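A quick write-up on the structure given underneath.
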Amino acid sequence: MFATALPSDAVAASIPVERRGQGRVLVEARALDGRTVRGRIEEEGFARVRFPRSGRRGRSLEAVMINTGGGLAGGDASQSCLHAGRDAQLVVTTQAAEKIYRSDGATSRIAVELTAEAGARLHWMPQATIVFDGARVERSIAAEVAADASLLLVEPVILGRTARGERLTYGRLHDRWRIRRGGRLVYADGLQLDGDIAGALDRRATAGGWAAFATLLLVSPDAESRLEAVRAALGLGESEPDGLACELPDGLDAGASAWDGMLSVRLLARDGAPLESAIRRAIAALGVEEVPRIWHS
């Protein structure tokens, strides 16, 4: 049995551009008479957005992003531009987990651009990104947040199709976050996995062989006041009322910290099930009421 090397980006670039998927969505939300309504909406390529009706909602507008191509293959590109205008409240999720398929050598690119104007609240809460073995993807998340606005980012990632026993052993995963508040850079984060990914993830100092992780980031004037509630919800508190030490659930590791009007939660899990459970507990502890309706389906 012979192993076939994947072609480089340069070789894969010879595949015609028209065979690559391109998708772009722009959503603008604006406040009107105490509620949030749609402003400008743009859709291109495989990217679509829908707005489910929900009588239980108050001021928020919920948007559901849809990839009609069913996922991203090598060389595909996706861009989401989400804008919450002054005093608007926008909650955005995805119809399903975003699948990043094994690449022919080209790198897929995902760009998320978020803007929350004065008094606005923007929640970016997609379902998990599943990175198949051999996938190559670069993702960037950039946000501009007004000083009195609120931004919540929830980004779960699952490395390999764990339900099928697949591991992410090789490929490329680059992630870059840049958050600006009041025009000033307040948060910068990056992840680079390339080449022998399995070897890197098996180290105790990285993932210890576990395959799922998530970052939750709240940027809000009252973010720091919610730290203890989040830590308690995740089992990170110092002790229970009966004096017994709190413990993390089996298959989960977590950390939470808060500073300068931000609260960050890091989650690492054996697979997607404990990760999803922890995300829901953390969100509830944050007092988030606008959980996307599709999360309950």
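In the structure tokens, each chain is lettered A, B, ... as it comes, each chain's residues begin at 1, and ligands are numbered from 1 in order of appearance.
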Residues near region 174-187 of chain A, cut-off 10 Å, only C-alpha atoms, skip fewer than 2 positions along chain, as an MDAnalysis selection string
chainID A and resid 109:118 136:151 172 189:194 217 219:220 260:262
Find the residues around region 265-274 of chain A up to 9 Å (only C-alpha atoms counted), leave out those fewer than 4 positions away in its own chain, and share them as a ChimeraX atom specification.
/A:128,156-159,162-163,207,209-218,230-231,249-258,278-279,282
May I have the selected residues written with N, CA, C and O atoms, as a CSV table (one decimal), in the first residue's frame?
chain,number,residue,atom,x,y,z
A,128,ALA,N,-20.5,24.0,16.1
A,128,ALA,CA,-19.0,23.7,16.0
A,128,ALA,C,-18.5,23.6,14.6
A,128,ALA,O,-19.2,23.3,13.6
A,156,PRO,N,-16.7,26.8,19.1
A,156,PRO,CA,-16.3,25.5,19.4
A,156,PRO,C,-15.6,24.8,18.1
A,156,PRO,O,-16.1,25.1,17.0
A,157,VAL,N,-14.6,24.0,18.4
A,157,VAL,CA,-13.9,23.3,17.3
A,157,VAL,C,-13.7,21.9,17.7
A,157,VAL,O,-13.3,21.6,18.8
A,158,ILE,N,-14.0,21.0,16.7
A,158,ILE,CA,-13.8,19.5,16.9
A,158,ILE,C,-12.8,19.0,15.9
A,158,ILE,O,-13.0,19.2,14.7
A,159,LEU,N,-11.7,18.4,16.4
A,159,LEU,CA,-10.6,18.0,15.5
A,159,LEU,C,-10.9,16.5,15.1
A,159,LEU,O,-10.6,15.6,15.8
A,162,THR,N,-15.0,12.7,15.4
A,162,THR,CA,-14.8,11.9,16.5
A,162,THR,C,-15.9,10.8,16.7
A,162,THR,O,-15.6,9.7,17.2
A,163,ALA,N,-17.1,11.0,16.1
A,163,ALA,CA,-18.1,10.0,16.2
A,163,ALA,C,-17.8,8.8,15.4
A,163,ALA,O,-18.3,7.7,15.6
A,207,ALA,N,-3.1,19.3,24.3
A,207,ALA,CA,-4.4,18.8,24.4
A,207,ALA,C,-4.5,17.4,25.1
A,207,ALA,O,-5.6,16.9,25.3
A,209,GLY,N,-4.2,14.6,23.9
A,209,GLY,CA,-4.9,13.7,23.1
A,209,GLY,C,-6.4,13.9,22.9
A,209,GLY,O,-7.0,13.2,22.1
A,210,TRP,N,-6.9,14.9,23.6
A,210,TRP,CA,-8.3,15.2,23.4
A,210,TRP,C,-8.6,16.0,22.1
A,210,TRP,O,-7.7,16.6,21.6
A,211,ALA,N,-9.8,16.0,21.7
A,211,ALA,CA,-10.1,16.4,20.3
A,211,ALA,C,-11.1,17.6,20.1
A,211,ALA,O,-11.4,17.9,19.0
A,212,ALA,N,-11.5,18.2,21.2
A,212,ALA,CA,-12.5,19.3,21.1
A,212,ALA,C,-12.1,20.4,22.0
A,212,ALA,O,-11.7,20.2,23.2
A,213,PHE,N,-12.3,21.6,21.5
A,213,PHE,CA,-12.0,22.8,22.4
A,213,PHE,C,-12.9,23.9,22.0
A,213,PHE,O,-13.5,23.9,20.9
A,214,ALA,N,-12.9,24.9,22.8
A,214,ALA,CA,-13.8,26.1,22.5
A,214,ALA,C,-13.2,27.3,23.3
A,214,ALA,O,-12.6,27.2,24.3
A,215,THR,N,-13.4,28.5,22.7
A,215,THR,CA,-13.1,29.7,23.3
A,215,THR,C,-14.4,30.5,23.4
A,215,THR,O,-15.2,30.7,22.4
A,216,LEU,N,-14.7,31.0,24.6
A,216,LEU,CA,-15.8,32.0,24.8
A,216,LEU,C,-15.2,33.3,25.3
A,216,LEU,O,-14.4,33.3,26.2
A,217,LEU,N,-15.6,34.3,24.6
A,217,LEU,CA,-15.1,35.6,25.0
A,217,LEU,C,-16.2,36.6,25.1
A,217,LEU,O,-17.0,36.8,24.1
A,218,LEU,N,-16.3,37.3,26.3
A,218,LEU,CA,-17.3,38.3,26.5
A,218,LEU,C,-16.6,39.6,26.6
A,218,LEU,O,-15.7,39.8,27.5
A,230,VAL,N,-19.5,32.0,36.3
A,230,VAL,CA,-19.0,31.1,35.3
A,230,VAL,C,-18.1,30.0,35.8
A,230,VAL,O,-18.3,28.9,35.5
A,231,ARG,N,-17.2,30.4,36.7
A,231,ARG,CA,-16.3,29.4,37.3
A,231,ARG,C,-17.1,28.4,38.1
A,231,ARG,O,-16.8,27.2,38.0
A,249,PRO,N,-16.3,18.1,35.4
A,249,PRO,CA,-16.9,16.9,34.9
A,249,PRO,C,-15.8,16.0,34.2
A,249,PRO,O,-14.9,16.6,33.6
A,250,ASP,N,-16.1,14.7,34.2
A,250,ASP,CA,-15.2,13.8,33.4
A,250,ASP,C,-15.1,14.2,32.0
A,250,ASP,O,-16.1,14.5,31.4
A,251,GLY,N,-13.9,14.2,31.4
A,251,GLY,CA,-13.7,14.5,30.0
A,251,GLY,C,-13.7,15.9,29.7
A,251,GLY,O,-13.8,16.3,28.5
A,252,LEU,N,-13.5,16.8,30.7
A,252,LEU,CA,-13.5,18.2,30.4
A,252,LEU,C,-12.4,18.9,31.3
A,252,LEU,O,-12.1,18.5,32.4
A,253,ASP,N,-11.7,19.9,30.7
A,253,ASP,CA,-10.8,20.7,31.4
A,253,ASP,C,-11.2,22.2,31.0
A,253,ASP,O,-11.7,22.4,29.9
A,254,ALA,N,-11.0,23.1,31.9
A,254,ALA,CA,-11.5,24.4,31.7
A,254,ALA,C,-10.7,25.5,32.5
A,254,ALA,O,-10.0,25.1,33.5
A,255,GLY,N,-10.8,26.7,32.0
A,255,GLY,CA,-10.2,27.8,32.7
A,255,GLY,C,-11.0,29.1,32.4
A,255,GLY,O,-11.5,29.2,31.3
A,256,ALA,N,-11.0,30.0,33.3
A,256,ALA,CA,-11.8,31.2,33.1
A,256,ALA,C,-11.1,32.4,33.8
A,256,ALA,O,-10.6,32.2,34.9
A,257,SER,N,-11.0,33.5,33.1
A,257,SER,CA,-10.4,34.7,33.7
A,257,SER,C,-11.1,35.9,33.2
A,257,SER,O,-11.8,35.9,32.2
A,258,ALA,N,-10.9,37.0,33.9
A,258,ALA,CA,-11.5,38.3,33.5
A,258,ALA,C,-10.6,39.5,33.8
A,258,ALA,O,-9.9,39.5,34.8
A,278,ALA,N,-20.6,21.9,28.5
A,278,ALA,CA,-19.9,23.0,29.2
A,278,ALA,C,-20.2,24.3,28.6
A,278,ALA,O,-20.4,25.3,29.4
A,279,ILE,N,-20.3,24.4,27.3
A,279,ILE,CA,-20.7,25.7,26.7
A,279,ILE,C,-22.0,26.2,27.2
A,279,ILE,O,-22.2,27.4,27.5
A,282,ALA,N,-21.8,27.5,30.7
A,282,ALA,CA,-21.1,28.8,30.8
A,282,ALA,C,-22.0,29.9,30.3
A,282,ALA,O,-22.1,31.0,30.9
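Minimum atom-to-atom distance to Glu44 (chain A), evaluated using only C-alpha atoms, belongs to A:Arg24 out of A:Ser60, A:Ala29, A:Arg24, A:Arg167.
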I'd like the contact shell of Arg226 (chain A) - 9 Å cut-off, only C-alpha atoms, skipping same-chain residues fewer than 2 positions apart - returned as a list in words.
Asp222, Ala223, Glu224, Glu228, Ala229, Val230, Arg231, Ala258, Leu263, Ala285, Leu286 and Gly287 of chain A
Give me every alpha helix (DSSP H) residue in region 31-203 of chain A, going by DSSP on the backbone, as a ChimeraX atom specification.
/A:197-201
May I have the residues from that selection written out with all heavy atoms, as a JSON list (two decimals), in the first residue's frame?
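Generated file (part_34.json):
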[["chain", "number", "residue", "atom", "x", "y", "z"],
["A", 197, "ILE", "N", 0.14, 17.19, 13.35],
["A", 197, "ILE", "CA", -0.79, 17.74, 14.33],
["A", 197, "ILE", "C", -1.03, 16.76, 15.48],
["A", 197, "ILE", "O", -1.10, 17.16, 16.65],
["A", 197, "ILE", "CB", -2.11, 18.12, 13.64],
["A", 197, "ILE", "CG1", -1.87, 19.30, 12.68],
["A", 197, "ILE", "CG2", -3.17, 18.48, 14.67],
["A", 197, "ILE", "CD1", -3.09, 19.73, 11.92],
["A", 198, "ALA", "N", -1.15, 15.49, 15.17],
["A", 198, "ALA", "CA", -1.40, 14.49, 16.21],
["A", 198, "ALA", "C", -0.29, 14.51, 17.26],
["A", 198, "ALA", "O", -0.56, 14.43, 18.46],
["A", 198, "ALA", "CB", -1.53, 13.11, 15.60],
["A", 199, "GLY", "N", 0.96, 14.61, 16.80],
["A", 199, "GLY", "CA", 2.07, 14.65, 17.75],
["A", 199, "GLY", "C", 1.99, 15.83, 18.68],
["A", 199, "GLY", "O", 2.29, 15.72, 19.87],
["A", 200, "ALA", "N", 1.59, 16.98, 18.14],
["A", 200, "ALA", "CA", 1.47, 18.18, 18.97],
["A", 200, "ALA", "C", 0.31, 18.06, 19.96],
["A", 200, "ALA", "O", 0.43, 18.44, 21.13],
["A", 200, "ALA", "CB", 1.29, 19.41, 18.09],
["A", 201, "LEU", "N", -0.81, 17.52, 19.51],
["A", 201, "LEU", "CA", -2.00, 17.44, 20.36],
["A", 201, "LEU", "C", -1.88, 16.39, 21.45],
["A", 201, "LEU", "O", -2.56, 16.47, 22.47],
["A", 201, "LEU", "CB", -3.23, 17.16, 19.50],
["A", 201, "LEU", "CG", -3.63, 18.25, 18.51],
["A", 201, "LEU", "CD1", -4.82, 17.80, 17.68],
["A", 201, "LEU", "CD2", -3.96, 19.56, 19.23]]
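For the pair CA of Arg86 (chain A) and CA of Met125 (chain A), the separation is 20.3 Å.
Between CA of Thr169 (chain A) and CA of Ala205 (chain A) there is a distance of 17.4 Å.
Among the candidates A:Arg164, A:His123, A:His83, A:Arg40, the residue lying nearest to Glu62 (chain A) is A:His123 (atoms considered: only C-alpha atoms).
Relative to CA of Phe132 (chain A), CA of Tyr170 (chain A) is found at 9.5 Å.
Shortest separation to Gly21 (chain A) among A:Gly119, A:Gly85, A:Ala73, A:Phe51 occurs at residue A:Ala73, atoms counted being only C-alpha atoms.
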Per DSSP on the backbone, what are the strand (DSSP E) residues of region 44-224 of chain A, as a PyMOL selection string?
chain A and resi 44-45+47-50+61-67+77-84+89-94+98-100+108-116+121-124+129-131+136-145+150-159+170-181+184-196+212-219
